[in-house]
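Colleague: This is the structure I want to talk about, given as structure tokens.
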Amino acid sequence: MNIRTWVISTILTLLLVGCVTPRRVDYLQDMTMGSQIEIENRFEAVIAPYDELNITVISSTIEDEELAQPFNQGEISQYLVDIDGYIEFPTLGRIHVAGLTRLGLQDTLSTILKRGGFMRNPFVNVRFNNFKIFCLIGGQGQVLNITNERCTFLEALAMMGGLDMYTRRDHIAVMREINGRMVMRYLDPRSSRIFNDPFFMLQQNDFIIAPTYSSGTALSNFTAWTGLLTTIFSASTLVTNVLLLRSLNNN
């Protein structure tokens, strides 16, 4: 292999190495048409201290409509879960709700109302008022308001508008409070392994945090590559001219 061929091969190799951007940013790269992944983690949001709940009680029969009125605080019945996991419910008093799911609390209140003789056929509806996800990406903050109690990691990224090319996919953290401690896990949306990560199903008040490569860094990298390629092309031109001159002198 002569010098000119080597120089050209080197240039082509560097150009190919620079063309790996999609592998760094594309989602779920290991999935193909027809891929099936069984999701192990089925999720229901669990009520925790400082949650805000909307609880309404109605009767399934017209005759008992008046009986439901004492259990509703106006048109919107909102309750704040205290630090010990209790709410103060009209007539029924202090009820422990932390650790229950939304459906679990509905069943609990319905049972109390029936057994206590307050209502024969109560219908209880519980909703979260504060299911929010907090996103901190590259110095920018965003709050996602979730209309139900289910939001996945990928759904949150979609609601954010996706990730730009500067976000580090291998360093996206989900942080949540568990038993009084903040716990953090890294999820990489480029791999299907996230589907069975225990943090894939987000909970209320989770944080999504990710660093980004600054545009200045990207520009520096681009400038460095441009300078390197310019140097290589200049060297190639110089070598070619030298070989040409030698060829002419030999002739």
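Naming works like this for the structure tokens: A, B, ... for the chains as they're shown, residue 1 at the start of each chain, ligands 1 onward in shown order.
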Within 10 Å of region 47-49 of chain A, counting only C-alpha atoms, which residues qualify if same-chain residues fewer than 6 places away don't, as a PyMOL selection string?
Modeller: chain A and resi 80-87+97-102+104-105+128+203-204
Colleague: Keeping only N, CA and C atoms, write those residues as a PDB file, in the first residue's frame.
Modeller:
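What landed in selection-v6.pdb:
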ATOM      1  N   LEU A  80     -56.009  16.520  51.978  1.00  0.00           N
ATOM      2  CA  LEU A  80     -54.555  16.432  52.028  1.00  0.00           C
ATOM      3  C   LEU A  80     -54.158  15.340  53.006  1.00  0.00           C
ATOM      4  N   VAL A  81     -53.359  14.386  52.534  1.00  0.00           N
ATOM      5  CA  VAL A  81     -52.873  13.309  53.392  1.00  0.00           C
ATOM      6  C   VAL A  81     -51.791  13.880  54.302  1.00  0.00           C
ATOM      7  N   ASP A  82     -51.965  13.716  55.617  1.00  0.00           N
ATOM      8  CA  ASP A  82     -50.996  14.307  56.538  1.00  0.00           C
ATOM      9  C   ASP A  82     -49.721  13.460  56.609  1.00  0.00           C
ATOM     10  N   ILE A  83     -48.777  13.924  57.406  1.00  0.00           N
ATOM     11  CA  ILE A  83     -47.462  13.288  57.468  1.00  0.00           C
ATOM     12  C   ILE A  83     -47.541  11.847  57.978  1.00  0.00           C
ATOM     13  N   ASP A  84     -48.582  11.539  58.742  1.00  0.00           N
ATOM     14  CA  ASP A  84     -48.751  10.186  59.265  1.00  0.00           C
ATOM     15  C   ASP A  84     -49.607   9.303  58.362  1.00  0.00           C
ATOM     16  N   GLY A  85     -50.056   9.855  57.221  1.00  0.00           N
ATOM     17  CA  GLY A  85     -50.817   9.058  56.267  1.00  0.00           C
ATOM     18  C   GLY A  85     -52.316   9.062  56.486  1.00  0.00           C
ATOM     19  N   TYR A  86     -52.846  10.046  57.223  1.00  0.00           N
ATOM     20  CA  TYR A  86     -54.279  10.100  57.519  1.00  0.00           C
ATOM     21  C   TYR A  86     -54.954  11.252  56.772  1.00  0.00           C
ATOM     22  N   ILE A  87     -56.260  11.110  56.557  1.00  0.00           N
ATOM     23  CA  ILE A  87     -57.106  12.220  56.113  1.00  0.00           C
ATOM     24  C   ILE A  87     -58.224  12.381  57.139  1.00  0.00           C
ATOM     25  N   VAL A  97     -54.948   6.300  55.146  1.00  0.00           N
ATOM     26  CA  VAL A  97     -55.074   6.004  53.713  1.00  0.00           C
ATOM     27  C   VAL A  97     -53.736   5.717  53.042  1.00  0.00           C
ATOM     28  N   ALA A  98     -52.631   6.075  53.693  1.00  0.00           N
ATOM     29  CA  ALA A  98     -51.313   5.862  53.078  1.00  0.00           C
ATOM     30  C   ALA A  98     -51.075   4.374  52.846  1.00  0.00           C
ATOM     31  N   GLY A  99     -50.546   4.044  51.689  1.00  0.00           N
ATOM     32  CA  GLY A  99     -50.287   2.649  51.350  1.00  0.00           C
ATOM     33  C   GLY A  99     -51.391   2.016  50.550  1.00  0.00           C
ATOM     34  N   LEU A 100     -52.568   2.670  50.502  1.00  0.00           N
ATOM     35  CA  LEU A 100     -53.670   2.154  49.706  1.00  0.00           C
ATOM     36  C   LEU A 100     -53.578   2.678  48.278  1.00  0.00           C
ATOM     37  N   THR A 101     -54.099   1.936  47.335  1.00  0.00           N
ATOM     38  CA  THR A 101     -54.243   2.445  45.977  1.00  0.00           C
ATOM     39  C   THR A 101     -55.542   3.251  45.904  1.00  0.00           C
ATOM     40  N   ARG A 102     -55.742   3.904  44.785  1.00  0.00           N
ATOM     41  CA  ARG A 102     -56.976   4.668  44.600  1.00  0.00           C
ATOM     42  C   ARG A 102     -58.200   3.752  44.715  1.00  0.00           C
ATOM     43  N   GLY A 104     -58.278   0.849  46.145  1.00  0.00           N
ATOM     44  CA  GLY A 104     -58.324   0.299  47.492  1.00  0.00           C
ATOM     45  C   GLY A 104     -59.025   1.239  48.464  1.00  0.00           C
ATOM     46  N   LEU A 105     -58.763   2.541  48.344  1.00  0.00           N
ATOM     47  CA  LEU A 105     -59.425   3.510  49.217  1.00  0.00           C
ATOM     48  C   LEU A 105     -60.915   3.592  48.901  1.00  0.00           C
ATOM     49  N   PHE A 128     -56.442  11.316  42.196  1.00  0.00           N
ATOM     50  CA  PHE A 128     -55.254  12.077  42.614  1.00  0.00           C
ATOM     51  C   PHE A 128     -55.330  13.475  42.011  1.00  0.00           C
ATOM     52  N   GLN A 203     -44.107   7.185  39.496  1.00  0.00           N
ATOM     53  CA  GLN A 203     -45.015   7.477  40.593  1.00  0.00           C
ATOM     54  C   GLN A 203     -45.138   8.983  40.757  1.00  0.00           C
ATOM     55  N   GLN A 204     -46.173   9.395  41.473  1.00  0.00           N
ATOM     56  CA  GLN A 204     -46.359  10.826  41.688  1.00  0.00           C
ATOM     57  C   GLN A 204     -45.144  11.419  42.379  1.00  0.00           C
TER      58      GLN A 204
END
Colleague: Can you tell me, as a PDB file with N, CA and C atoms, in the first residue's frame, what residues are no more than 6 Å from Phe123 (chain A) when counting only C-alpha atoms, ignoring any on the same chain fewer than 5 positions away?
Modeller:
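The resulting file, out-v3.pdb, is reproduced below:
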ATOM      1  N   VAL A  57     -68.636  11.157  47.250  1.00  0.00           N
ATOM      2  CA  VAL A  57     -69.517  10.056  47.632  1.00  0.00           C
ATOM      3  C   VAL A  57     -70.915  10.342  47.096  1.00  0.00           C
ATOM      4  N   ILE A  58     -71.457   9.402  46.362  1.00  0.00           N
ATOM      5  CA  ILE A  58     -72.820   9.530  45.873  1.00  0.00           C
ATOM      6  C   ILE A  58     -73.557   8.228  46.145  1.00  0.00           C
ATOM      7  N   SER A  59     -74.864   8.275  46.034  1.00  0.00           N
ATOM      8  CA  SER A  59     -75.662   7.081  46.254  1.00  0.00           C
ATOM      9  C   SER A  59     -76.107   6.515  44.918  1.00  0.00           C
TER      10      SER A  59
END
Colleague: Counting only C-alpha atoms, figure out which residue out of A:Ile137, A:Met201, A:Val126, A:Met165 gets nearest to Phe43 (chain A).
Modeller: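 Ranking A:Ile137, A:Met201, A:Val126, A:Met165 by distance to Phe43 (chain A), first place goes to A:Met201.
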Colleague: What is the CA of His171 (chain A)-CA of Ile37 (chain A) distance in Å, reported with one decimal?
Modeller: 23.2 Å
Colleague: With only C-alpha atoms as the basis for distance, which of A:Thr108, A:Asn196, A:Pro122, A:Asp206 is at the shortest distance from Met184 (chain A)?
Modeller: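 That would be A:Asp206, the residue with the smallest distance to Met184 (chain A).
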Colleague: Out of A:Ile172, A:Ala45, A:Leu157, A:Leu144, which residue has the shortest atom-to-atom distance to Pro211 (chain A) when counting only C-alpha atoms?
Modeller: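 Checking each candidate against Pro211 (chain A), we get A:Ile172 as the closest.
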Colleague: Mind the document's chain letters and residue numbers, and return as a PyMOL selection string the residues of region 22-224 of chain A that DSSP labels alpha helix (DSSP H).
Modeller: chain A and resi 22-25+65-68+102-115+153-159+215-224
